[in-house]
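With mmCIF, C-alpha atoms inside, this is work.cif:
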data_run
#
loop_
_atom_site.label_atom_id
_atom_site.label_comp_id
_atom_site.auth_asym_id
_atom_site.auth_seq_id
_atom_site.Cartn_x
_atom_site.Cartn_y
_atom_site.Cartn_z
CA MET A 1373 -17.93 -2.53 -79.09
CA HIS A 1374 -18.77 -4.15 -75.76
CA SER A 1375 -16.41 -3.95 -72.85
CA PHE A 1376 -14.90 -6.98 -71.14
CA GLY A 1377 -17.29 -6.53 -68.17
CA GLN A 1378 -20.35 -6.55 -70.41
CA ARG A 1379 -19.19 -9.68 -72.21
CA ALA A 1380 -18.43 -11.47 -68.91
CA ASN A 1381 -21.87 -10.45 -67.58
CA ALA A 1382 -23.57 -11.86 -70.69
CA ILE A 1383 -21.69 -15.19 -70.39
CA VAL A 1384 -22.43 -15.56 -66.66
CA THR A 1385 -26.11 -14.68 -67.14
CA PHE A 1386 -26.45 -17.14 -70.02
CA SER A 1387 -24.68 -19.88 -68.02
CA LEU A 1388 -26.88 -19.39 -64.96
CA THR A 1389 -30.00 -19.45 -67.15
CA ILE A 1390 -28.93 -22.79 -68.64
CA VAL A 1391 -28.20 -24.21 -65.15
CA ALA A 1392 -31.63 -23.05 -63.92
CA VAL A 1393 -33.36 -24.70 -66.90
CA ILE A 1394 -31.47 -27.97 -66.36
CA CYS A 1395 -32.32 -27.97 -62.62
CA SER A 1396 -35.98 -27.32 -63.42
CA LEU A 1397 -36.04 -30.20 -65.90
CA ALA A 1398 -34.35 -32.50 -63.38
CA SER A 1399 -36.90 -31.60 -60.72
CA PHE A 1400 -39.79 -32.01 -63.17
CA SER A 1401 -38.55 -35.45 -64.29
CA ASP A 1402 -39.07 -36.78 -60.73
CA ASN A 1403 -42.83 -36.46 -61.28
CA PHE A 1404 -42.66 -39.42 -63.68
CA ASN A 1405 -41.14 -41.77 -61.08
CA THR A 1406 -43.73 -43.98 -59.39
CA PRO A 1407 -41.97 -45.60 -56.45
CA SER A 1408 -43.20 -48.85 -54.95
CA PRO A 1409 -41.29 -49.40 -51.71
CA THR A 1410 -42.03 -52.40 -49.49
CA ALA A 1411 -41.43 -53.03 -45.81
CA GLU A 1412 -42.00 -55.71 -43.20
CA ILE A 1413 -41.75 -54.95 -39.49
CA GLU A 1414 -41.82 -57.57 -36.75
CA VAL A 1415 -41.69 -57.05 -33.00
CA SER A 1416 -39.69 -60.09 -31.96
CA ASN A 1417 -39.47 -59.33 -28.22
CA PHE A 1418 -40.48 -56.94 -25.48
CA ASN A 1419 -37.16 -56.46 -23.65
CA TRP A 1420 -38.90 -54.67 -20.82
CA PHE A 1421 -42.14 -52.88 -20.09
CA GLN A 1422 -41.96 -50.90 -16.89
CA LYS A 1423 -43.29 -47.96 -14.96
CA GLN A 1424 -40.65 -45.33 -14.26
CA ARG A 1425 -40.29 -43.69 -10.85
CA ASN A 1426 -42.04 -40.58 -12.16
CA GLY A 1427 -45.08 -42.66 -13.21
CA ASN A 1428 -44.45 -42.82 -16.97
CA ASP A 1429 -44.61 -46.07 -18.92
CA GLU A 1430 -41.47 -47.15 -20.83
CA VAL A 1431 -41.11 -49.97 -23.37
CA SER A 1432 -38.03 -51.50 -24.98
CA LEU A 1433 -38.66 -53.55 -28.12
CA THR A 1434 -36.56 -55.80 -30.31
CA LEU A 1435 -37.46 -55.20 -33.94
CA ASN A 1436 -36.82 -56.94 -37.24
CA ILE A 1437 -37.10 -54.37 -40.03
CA SER A 1438 -36.76 -55.34 -43.67
CA ALA A 1439 -37.37 -52.86 -46.44
CA ASP A 1440 -36.77 -52.38 -50.13
CA LEU A 1441 -36.66 -48.63 -50.81
CA GLN A 1442 -34.65 -48.86 -54.04
CA SER A 1443 -37.53 -47.57 -56.15
CA LEU A 1444 -37.28 -44.22 -54.31
CA PHE A 1445 -33.91 -43.56 -55.91
CA THR A 1446 -33.61 -41.78 -59.24
CA TRP A 1447 -30.67 -39.99 -60.78
CA ASN A 1448 -31.87 -36.86 -58.92
CA THR A 1449 -31.93 -38.46 -55.43
CA LYS A 1450 -29.24 -37.33 -53.03
CA GLN A 1451 -30.29 -39.46 -50.04
CA VAL A 1452 -33.32 -40.85 -48.22
CA PHE A 1453 -34.04 -40.28 -44.54
CA VAL A 1454 -36.09 -43.15 -43.10
CA PHE A 1455 -37.54 -43.57 -39.61
CA LEU A 1456 -39.81 -45.99 -37.79
CA ALA A 1457 -42.46 -44.55 -35.49
CA ALA A 1458 -44.91 -46.08 -33.04
CA GLU A 1459 -48.29 -44.37 -33.33
CA TYR A 1460 -51.22 -44.72 -30.94
CA GLU A 1461 -54.20 -42.84 -29.52
CA THR A 1462 -54.88 -41.73 -25.96
CA SER A 1463 -57.77 -39.86 -24.40
CA GLU A 1464 -55.67 -36.66 -24.36
CA ASN A 1465 -54.27 -36.91 -27.92
CA ALA A 1466 -55.70 -38.29 -31.13
CA LEU A 1467 -52.19 -39.13 -32.36
CA ASN A 1468 -49.11 -39.92 -30.31
CA GLN A 1469 -46.04 -40.55 -32.44
CA ILE A 1470 -42.75 -41.81 -31.03
CA SER A 1471 -39.68 -42.29 -33.20
CA LEU A 1472 -38.09 -45.67 -32.46
CA TRP A 1473 -35.35 -45.94 -35.09
CA ASP A 1474 -33.93 -43.87 -37.97
CA ALA A 1475 -31.26 -43.99 -40.66
CA ILE A 1476 -29.94 -42.08 -43.65
CA ILE A 1477 -29.72 -44.14 -46.82
CA PRO A 1478 -27.06 -42.57 -49.05
CA THR A 1479 -27.30 -44.77 -52.17
CA LYS A 1480 -29.59 -47.16 -53.98
CA GLU A 1481 -27.29 -50.06 -53.06
CA HIS A 1482 -28.00 -49.45 -49.35
CA ALA A 1483 -31.77 -49.07 -49.87
CA LYS A 1484 -32.55 -52.77 -49.55
CA PHE A 1485 -31.85 -53.80 -45.97
CA TRP A 1486 -32.73 -56.07 -43.07
CA ILE A 1487 -31.84 -55.15 -39.51
CA HIS A 1488 -32.38 -56.72 -36.11
CA THR A 1489 -32.29 -53.97 -33.49
CA SER A 1490 -33.83 -52.66 -30.33
CA ASN A 1491 -35.47 -49.25 -30.40
CA LYS A 1492 -32.82 -46.55 -30.79
CA TYR A 1493 -34.94 -43.94 -29.00
CA ARG A 1494 -36.93 -44.39 -25.80
CA PHE A 1495 -40.57 -45.45 -26.13
CA ILE A 1496 -42.11 -43.50 -23.24
CA ASP A 1497 -45.63 -42.26 -22.60
CA GLN A 1498 -46.56 -39.62 -20.04
CA GLY A 1499 -48.64 -41.53 -17.56
CA SER A 1500 -49.83 -45.13 -17.47
CA ASN A 1501 -51.43 -45.22 -20.90
CA LEU A 1502 -49.43 -47.98 -22.59
CA ARG A 1503 -50.67 -51.16 -20.86
CA GLY A 1504 -52.64 -53.22 -23.40
CA LYS A 1505 -52.52 -50.34 -25.90
CA GLU A 1506 -52.93 -51.06 -29.61
CA TYR A 1507 -50.39 -49.26 -31.78
CA ASN A 1508 -49.19 -49.04 -35.36
CA LEU A 1509 -45.62 -49.15 -36.59
CA THR A 1510 -45.14 -46.70 -39.44
CA LEU A 1511 -42.09 -46.54 -41.67
CA HIS A 1512 -41.71 -42.94 -42.86
CA TRP A 1513 -39.28 -41.69 -45.49
CA HIS A 1514 -38.21 -38.33 -46.84
CA VAL A 1515 -36.53 -38.27 -50.24
CA MET A 1516 -33.96 -35.49 -50.50
CA PRO A 1517 -33.26 -34.62 -54.13
CA LYS A 1518 -30.18 -32.98 -55.59
CA THR A 1519 -32.47 -30.30 -56.98
CA GLY A 1520 -36.17 -29.64 -56.50
CA LYS A 1521 -38.62 -30.25 -53.71
CA MET A 1522 -38.34 -32.92 -51.06
CA PHE A 1523 -41.19 -35.41 -50.76
CA ALA A 1524 -42.27 -37.81 -48.04
CA ASP A 1525 -44.47 -40.86 -47.69
CA LYS A 1526 -45.00 -43.81 -45.35
CA ILE A 1527 -46.06 -47.43 -44.94
CA VAL A 1528 -48.34 -48.16 -41.98
CA LYS A 1529 -48.30 -51.61 -40.35
CA THR A 1530 -51.22 -52.24 -37.99
CA GLY A 1531 -52.20 -54.85 -35.44
CA TYR A 1532 -49.59 -54.49 -32.69
CA ARG A 1533 -50.49 -54.57 -29.00
CA LEU A 1534 -48.45 -53.85 -25.88
CA PRO A 1535 -48.60 -56.28 -22.93
CA GLU A 1536 -51.26 -55.90 -20.24
CA GLU A 1537 -48.76 -56.25 -17.39
CA TYR A 1538 -45.39 -54.69 -16.63
CA ARG A 1539 -42.32 -56.92 -17.10
#
With the file now loaded, output its structure as structure tokens.
Amino acid sequence: MHSFGQRANAIVTFSLTIVAVICSLASFSDNFNTPSPTAEIEVSNFNWFQKQRNGNDEVSLTLNISADLQSLFTWNTKQVFVFLAAEYETSENALNQISLWDAIIPTKEHAKFWIHTSNKYRFIDQGSNLRGKEYNLTLHWHVMPKTGKMFADKIVKTGYRLPEEYR
């Protein structure tokens, strides 16, 4: 005859094994999802482009961001973290990346959006490297699942240029 402790241990072990198998299957099922998100980003205005007292360039932009990230959501998706970054090259660095805006998308219903906003975070470069600089706007996202590994991807929009003169 088995004691109460042995029976409880067997039930808990069996239950945890079943939960682990279900979590593994849930994580594995995400491999069959092929998301196809879309995004459009427009710089509608340069609010200001100035040189700070310490010599650094600073830009304030007004942005129109529209995106449809609904295809990123599956039954295993907890939330999606999305951010917009300005990316450009300088002689010192092959890649400069500045976060301009971010959001957490909690549900599929909120994953299709259009916003008109100025940059949430400061667009500053050390030195006077931004005048006339070409840059890309990249919409990054990180999908946070309920179980399994997190994955990330991005959409790169090219062809943006900063003004030649300070405003």
What would the selection look like, as a short mmCIF file (atom, residue, chain, number, x, y, z; two decimals) with C-alpha atoms, in the frame of the given file, if the PyMOL selection byres ((chain A and resi 1431) around 7) were run on the coordinates I just shared?
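Dumped everything to result24.cif:
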data_model
loop_
_atom_site.label_atom_id
_atom_site.label_comp_id
_atom_site.auth_asym_id
_atom_site.auth_seq_id
_atom_site.Cartn_x
_atom_site.Cartn_y
_atom_site.Cartn_z
CA TRP A 1420 -38.90 -54.67 -20.82
CA PHE A 1421 -42.14 -52.88 -20.09
CA GLN A 1422 -41.96 -50.90 -16.89
CA ASP A 1429 -44.61 -46.07 -18.92
CA GLU A 1430 -41.47 -47.15 -20.83
CA SER A 1432 -38.03 -51.50 -24.98
CA LEU A 1433 -38.66 -53.55 -28.12
CA PHE A 1495 -40.57 -45.45 -26.13
CA ILE A 1496 -42.11 -43.50 -23.24
#
Determine the axis-aligned bounding box of all atoms of stretch 1399-1416 of chain A present in the file, pad each side by 6 Å, and express its centre and edge lengths in Å to one decimal place as JSON.
{"center_x": -40.3, "center_y": -45.8, "center_z": -48.1, "size_x": 18.8, "size_y": 40.5, "size_z": 44.3}
(message) As a check of understanding, name the residues that the PyMOL selection byres ((chain A and resi 1403) around 12) selects in the supplied structure, as a PyMOL selection string.
(response) chain A and resi 1396-1402+1404-1407+1444+1446+1448+1520-1523
(message) Given all atoms listed in the file as the basis, pick out the residue of A:Glu1412, A:Lys1529, A:Gly1499, A:Thr1519 nearest to A:Glu1464.
(response)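 Result for the nearest residue to A:Glu1464: A:Gly1499.
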(message) Taking the file as I've supplied it (selection: the PyMOL selection byres ((chain A and resi 1508-1514) around 7)), which residues are included? Please answer as a list in words.
(response)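 Going through the file, the PyMOL selection byres ((chain A and resi 1508-1514) around 7) ends up selecting Val1452, Phe1453, Val1454, Phe1455, Leu1456, Ala1457, Ala1458, Glu1459, Tyr1460, Tyr1507, Val1515, Met1516, Met1522, Phe1523, Ala1524, Asp1525, Lys1526, Ile1527, Val1528, Lys1529, Thr1530, Gly1531 and Tyr1532 of chain A.
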Kindly output stretch 1520-1531 of chain A as a CSV table (one decimal), in the coordinates of the input, after building N, CA and C atoms.
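Here's the written file selection-v3.csv:
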chain,number,residue,atom,x,y,z
A,1520,GLY,N,-34.7,-29.5,-56.5
A,1520,GLY,CA,-36.2,-29.6,-56.5
A,1520,GLY,C,-36.7,-29.8,-55.1
A,1521,LYS,N,-38.0,-30.1,-55.0
A,1521,LYS,CA,-38.6,-30.2,-53.7
A,1521,LYS,C,-38.5,-31.6,-53.1
A,1522,MET,N,-38.4,-31.7,-51.8
A,1522,MET,CA,-38.3,-32.9,-51.1
A,1522,MET,C,-39.7,-33.5,-50.9
A,1523,PHE,N,-39.9,-34.8,-51.0
A,1523,PHE,CA,-41.2,-35.4,-50.8
A,1523,PHE,C,-41.1,-36.5,-49.7
A,1524,ALA,N,-42.2,-36.8,-49.1
A,1524,ALA,CA,-42.3,-37.8,-48.0
A,1524,ALA,C,-43.5,-38.7,-48.2
A,1525,ASP,N,-43.4,-39.9,-47.7
A,1525,ASP,CA,-44.5,-40.9,-47.7
A,1525,ASP,C,-44.2,-41.9,-46.6
A,1526,LYS,N,-45.1,-42.9,-46.4
A,1526,LYS,CA,-45.0,-43.8,-45.4
A,1526,LYS,C,-45.7,-45.1,-45.7
A,1527,ILE,N,-45.4,-46.1,-44.9
A,1527,ILE,CA,-46.1,-47.4,-44.9
A,1527,ILE,C,-46.5,-47.7,-43.5
A,1528,VAL,N,-47.8,-47.9,-43.3
A,1528,VAL,CA,-48.3,-48.2,-42.0
A,1528,VAL,C,-48.6,-49.7,-41.8
A,1529,LYS,N,-48.1,-50.2,-40.7
A,1529,LYS,CA,-48.3,-51.6,-40.4
A,1529,LYS,C,-49.1,-51.6,-39.1
A,1530,THR,N,-50.3,-52.3,-39.1
A,1530,THR,CA,-51.2,-52.2,-38.0
A,1530,THR,C,-51.2,-53.6,-37.3
A,1531,GLY,N,-51.9,-53.6,-36.1
A,1531,GLY,CA,-52.2,-54.8,-35.4
A,1531,GLY,C,-51.2,-55.2,-34.3
